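**Student:** Once you've had a glance at the structure underneath, I'll fire off some questions.
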Amino acid sequence: MSSEMLLPAVGENEAPFWEAAAKGELRIQQCAGCERLRFPPRPMCPRCQSTESTWALMSGGGTIYSFVVPHPPLLPQFNDLAPYNVILVTLDEDPTIRLIGNLVDQVGDKINAVDPSSIELDKPVQVVFEQINDDIHMPRWLRV
Amino acid sequence: MLKDATAIVGIGETPFAKGLEPSECQLASEAIVAALADAGLEPSDVDGMASYTMESTEEVEVAKNIGAGDLHFFGKVGYGGGGGPGVVGLLAMAVATGRCNVGVAWRSRKRGSGQRPWAGAHAQVTPASAWTRPWGLLRPVDEIGLLTRRYMHLYGATRDHLANVALAVRKHANNNPRAIMYERTMTREDYMKARWISEPLCLFDNCLETDGALACVIVRADRARDCPHRPVYIHSASQGLPSQSEVMTNYWNEDPMRGPAWTCAEGLYRSSDIKPEDIKVAQLYDAFTPLVLLSLEGYGFCKRGEGAEFTNDGNISIGGRLPLNTSGGGLSEAYVHGFNLINEGVRQMRGTSCNQVKDADTCLVTAGEGVPTSALLLRN
């Protein structure tokens, strides 16, 4: 499956996220001037207009803000998995930073492994990383 | 000031269907020529044009085809379904300020024929797509489905409320011979049994896929009074792009439930004598049923979290507090990026709708909620 996965586009804004993910770390861009976190990553801080940034290590904890269960028609590689779950996770460190992901019961599970009727909003989750290839380790989420 | 300075004096459209034979350029040209005939004007009178950035027919080609005069204004508005009223608003500014005298706005689309916009395996619609698509959040219905489930969780909205929207506009389409769903009635049971597209949204929460083109003609108010139809004045026009907002995937601010409609409404009513309580009919952008609930709140017809409840008791049907999408809207008439909502707003103000709201003298027309959006207040 991994050879046909839809891989994330990694440009200069995104690269530090994926380099950290390959080490099993969830890092979010942080302004070097005022320390505000921002996502998706981009060149300028909306609060202090600094163009200097670092990448802050997150705890990897969050809560489920919402989820959907897509059904066909989808892209071919997702049609085969449907219905599967897509969750939106609010990070514990900042309520304005949310990551799209998938809920699984263990690392390496397919994204359709969890029974969608068991997913509840506002419940805590913890990030894990599934290695797709040498460069890409996809964040997935486990229930705490 | 823009207020009542311009008017829509002509509307035109092609038939709506899947798999129309003519090219988008031909459809655009036919819709524009029809709108000019409706306005009692000649193609050679046209000196201004406006459309969507997603429009595939360019001014140069369309102007050549219809035999337009020398153009002094041409412009486009972005963000797909967020653009319709914004296109008309842009053109109205150009006419009101004297940049041009006879402006045409149009949208031509063969959505029912080609590949869906999200279907390119590497389509990067926005930079944010890099953070959504790899996990399987692929389509607009998935992106809006996430907001919908959160909304249902916060406010106790149910599928019955979404069904209220789908059923009300379907019934309106059943009175409109131009509507794709003219002959197709729908029951609540049909809605509840429909297949899922992205839970919590089913087939009937989604708009149609349509080929077709529409256009309208704008002139200054003083000139409008010489045209054959009752002028439909553009009382107010607005756009809305909230701070720290995103296109469709509006997940990265404190309050994703307070979308672009709120920002757009603020601008719309600031320059308006018409307030929400004065509005008797509305055409609210309905690519997905939940957008209607969010728009009812954003444009001030009810309080935050009350949009679902507002759809009960026939409130949004003919005879109710605020009949919505009286031609059938994007859900049941045609989905042409919302331009059919504009033309239907004009018909309501002329008194010629298939579902005419008695004594309607104001109409709100909105663009897509969830994207940088726009709106118009029309009056007669």
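Here's how to read the names in the structure tokens: chain A, B, ... by the order shown, residue numbers from 1 in each chain, ligand numbers from 1 in the order shown.
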Please tabulate, as CSV, the residues of chain B that come within 6 Å of chain A, each with its closest pair of atoms and the distance in Å to one decimal, counting only C-alpha atoms and ordering rows by chain, then residue number upward.
**Tutor:**
```
residue,atom,partner,partner_atom,distance
B:Ala130,CA,A:Pro8,CA,5.4
B:Thr132,CA,A:Ile100,CA,5.7
B:Pro134,CA,A:Leu6,CA,5.1
B:Trp135,CA,A:Gly101,CA,5.6
B:Leu146,CA,A:Phe67,CA,5.5
B:Arg150,CA,A:Ser66,CA,5.4
B:Ile197,CA,A:His71,CA,5.1
B:Ser198,CA,A:Pro70,CA,4.0
B:Glu199,CA,A:Val69,CA,4.9
B:Trp252,CA,A:Thr96,CA,5.1
B:Asn253,CA,A:Thr96,CA,4.6
B:Glu254,CA,A:Thr96,CA,5.0
```
**Student:** At a cut-off of 9 Å, using only C-alpha atoms, what residues contact Ala7 (chain B)? Leave out same-chain residues fewer than 6 positions from it and give the result as an MDAnalysis selection string.
**Tutor:** chainID B and resid 92 217:221 223:224 231:235 378
**Student:** For Asn315 (chain B), which of B:Ala282, B:Cys354, B:Ala96, B:Ala367 is the closest residue, counting only C-alpha atoms?
**Tutor:**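 Checking each candidate against Asn315 (chain B), we get B:Ala282 as the closest.
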**Student:** Rounded to one decimal, what separation in Å do you get between CA of Asp109 (chain A) and CA of Gly24 (chain A)?
**Tutor:**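 We find that CA of Asp109 (chain A) and CA of Gly24 (chain A) lie 17.0 Å from each other.
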**Student:** Near Leu293 (chain B), within 9 Å and counting only C-alpha atoms, which residues show up once chain neighbours fewer than 5 positions away are dropped, as an MDAnalysis selection string?
**Tutor:** chainID B and resid 161:162 165 298 305:311
**Student:** Could you give me the residues within region 43-112 of chain A that DSSP places in strand (DSSP E), as a VMD selection string?
**Tutor:** chain A and resid 53 to 57 61 to 70 86 to 91 98 to 101
**Student:** What separation in Å, quoted to one decimal, exists between CA of Gly319 (chain B) and CA of Arg178 (chain B)?
**Tutor:**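 The value is 22.0 Å.
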**Student:** Taking only region 110-211 of chain B into account, list the residues labelled helix (DSSP H, G or I) by DSSP (computed from the backbone), as a count of residues only.
**Tutor:** 51
**Student:** Could you name the residues that touch Glu35 (chain A) at 9 Å or less, counting only C-alpha atoms, but leaving out those on the same chain fewer than 4 positions away, as an MDAnalysis selection string?
**Tutor:** chainID A and resid 30:31 53:54
**Student:** Just the residues within 9 Å of Val104 (chain A), please, counting only C-alpha atoms, with nothing from its chain fewer than 6 positions along; format it as a PyMOL selection string.
**Tutor:** chain A and resi 85+110-114+140-143
**Student:** What's around Ser236 (chain B) at 12 Å? Count only C-alpha atoms, leave out sequence neighbours fewer than 3 positions away in its own chain, and write the answer as JSON, numbers by chain.
**Tutor:** {"B": [1, 2, 3, 4, 5, 6, 7, 85, 86, 88, 89, 90, 92, 93, 232, 233, 239, 264, 265, 266, 267, 268, 269, 270, 271, 272, 273, 274, 275, 362, 363, 364, 365, 366, 374, 375, 376, 377, 378, 379]}
**Student:** Just C-alpha atoms for this one: save the residues we selected as an mmCIF file, in the first residue's frame.
**Tutor:**
```
data_model
loop_
_atom_site.group_PDB
_atom_site.id
_atom_site.type_symbol
_atom_site.label_atom_id
_atom_site.label_comp_id
_atom_site.auth_asym_id
_atom_site.auth_seq_id
_atom_site.Cartn_x
_atom_site.Cartn_y
_atom_site.Cartn_z
ATOM 1 C CA MET B 1 -21.304 55.240 -2.198
ATOM 2 C CA LEU B 2 -22.402 52.000 -3.755
ATOM 3 C CA LYS B 3 -25.823 51.969 -2.097
ATOM 4 C CA ASP B 4 -28.545 51.757 -4.777
ATOM 5 C CA ALA B 5 -26.202 53.403 -7.300
ATOM 6 C CA THR B 6 -26.437 50.492 -9.715
ATOM 7 C CA ALA B 7 -29.024 47.935 -10.716
ATOM 8 C CA PRO B 85 -21.839 38.026 -5.354
ATOM 9 C CA GLY B 86 -18.272 39.339 -5.166
ATOM 10 C CA VAL B 88 -21.365 41.338 -9.152
ATOM 11 C CA GLY B 89 -20.151 43.632 -6.359
ATOM 12 C CA LEU B 90 -16.875 44.313 -8.172
ATOM 13 C CA ALA B 92 -21.170 47.317 -9.557
ATOM 14 C CA MET B 93 -18.262 49.360 -8.151
ATOM 15 C CA VAL B 232 -33.240 45.430 -9.148
ATOM 16 C CA TYR B 233 -30.986 47.715 -7.145
ATOM 17 C CA GLN B 239 -16.746 40.378 0.884
ATOM 18 C CA CYS B 264 -19.010 39.418 5.248
ATOM 19 C CA ALA B 265 -22.266 40.234 7.061
ATOM 20 C CA GLU B 266 -20.560 42.929 9.109
ATOM 21 C CA GLY B 267 -19.515 44.743 5.928
ATOM 22 C CA LEU B 268 -22.855 44.123 4.238
ATOM 23 C CA TYR B 269 -25.056 45.613 6.967
ATOM 24 C CA ARG B 270 -22.627 48.450 7.792
ATOM 25 C CA SER B 271 -23.491 50.162 4.515
ATOM 26 C CA SER B 272 -27.129 49.066 4.402
ATOM 27 C CA ASP B 273 -30.508 50.473 5.438
ATOM 28 C CA ILE B 274 -31.809 46.893 5.310
ATOM 29 C CA LYS B 275 -31.318 44.741 8.395
ATOM 30 C CA THR B 362 -35.434 42.734 -0.389
ATOM 31 C CA CYS B 363 -33.347 39.637 -1.068
ATOM 32 C CA LEU B 364 -30.030 38.478 0.378
ATOM 33 C CA VAL B 365 -27.760 36.498 -1.954
ATOM 34 C CA THR B 366 -24.687 34.862 -0.436
ATOM 35 C CA SER B 374 -19.188 37.570 -0.573
ATOM 36 C CA ALA B 375 -22.815 38.680 -0.463
ATOM 37 C CA LEU B 376 -25.322 41.075 -2.039
ATOM 38 C CA LEU B 377 -28.418 42.785 -0.739
ATOM 39 C CA LEU B 378 -30.879 43.342 -3.565
ATOM 40 C CA ARG B 379 -34.004 45.506 -3.431
#
```
**Student:** Which neighbours of Phe339 (chain B) fall inside 10 Å, counting only C-alpha atoms, when residues of the same chain fewer than 6 positions from it are skipped, and could you give them as a PDB file with C-alpha atoms, in the first residue's frame?
**Tutor:**
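Result file is result.pdb:
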```pdb
ATOM      1  CA  GLU B  13     -28.940  31.554 -18.696  1.00  0.00           C
ATOM      2  CA  GLY B  81     -18.055  29.475  -4.873  1.00  0.00           C
ATOM      3  CA  GLY B  83     -16.940  34.622  -5.542  1.00  0.00           C
ATOM      4  CA  GLY B  84     -20.386  35.007  -7.152  1.00  0.00           C
ATOM      5  CA  PRO B  85     -21.839  38.026  -5.354  1.00  0.00           C
ATOM      6  CA  VAL B  87     -18.119  39.363  -8.973  1.00  0.00           C
ATOM      7  CA  VAL B  88     -21.365  41.338  -9.152  1.00  0.00           C
ATOM      8  CA  ALA B 105     -20.939  39.270 -15.092  1.00  0.00           C
ATOM      9  CA  TRP B 106     -20.997  35.575 -15.952  1.00  0.00           C
ATOM     10  CA  ARG B 107     -20.114  32.006 -14.991  1.00  0.00           C
ATOM     11  CA  SER B 108     -19.951  29.116 -17.420  1.00  0.00           C
ATOM     12  CA  ALA B 213     -23.909  29.208 -17.888  1.00  0.00           C
ATOM     13  CA  LEU B 214     -25.537  32.308 -16.413  1.00  0.00           C
ATOM     14  CA  ALA B 215     -25.036  36.041 -16.764  1.00  0.00           C
ATOM     15  CA  CYS B 216     -26.416  39.343 -15.572  1.00  0.00           C
ATOM     16  CA  TYR B 285     -25.099  29.302  -0.980  1.00  0.00           C
ATOM     17  CA  GLY B 329     -30.451  26.376  -5.313  1.00  0.00           C
ATOM     18  CA  GLY B 330     -27.258  24.424  -5.838  1.00  0.00           C
ATOM     19  CA  GLY B 345     -32.657  36.883  -6.419  1.00  0.00           C
ATOM     20  CA  VAL B 365     -27.760  36.498  -1.954  1.00  0.00           C
ATOM     21  CA  THR B 366     -24.687  34.862  -0.436  1.00  0.00           C
ATOM     22  CA  ALA B 367     -21.636  32.992  -1.658  1.00  0.00           C
TER      23      ALA B 367
END
```
**Student:** Can you work out which one of A:Thr63, A:Val127, A:Glu52, A:Leu37 has the shortest atom-to-atom distance to Asp92 (chain A), counting only C-alpha atoms?
**Tutor:** A:Thr63
**Student:** Enter the distance from CA of Val144 (chain A) to CA of Gly62 (chain A), in Å, rounded to one decimal.
**Tutor:** 9.6 Å
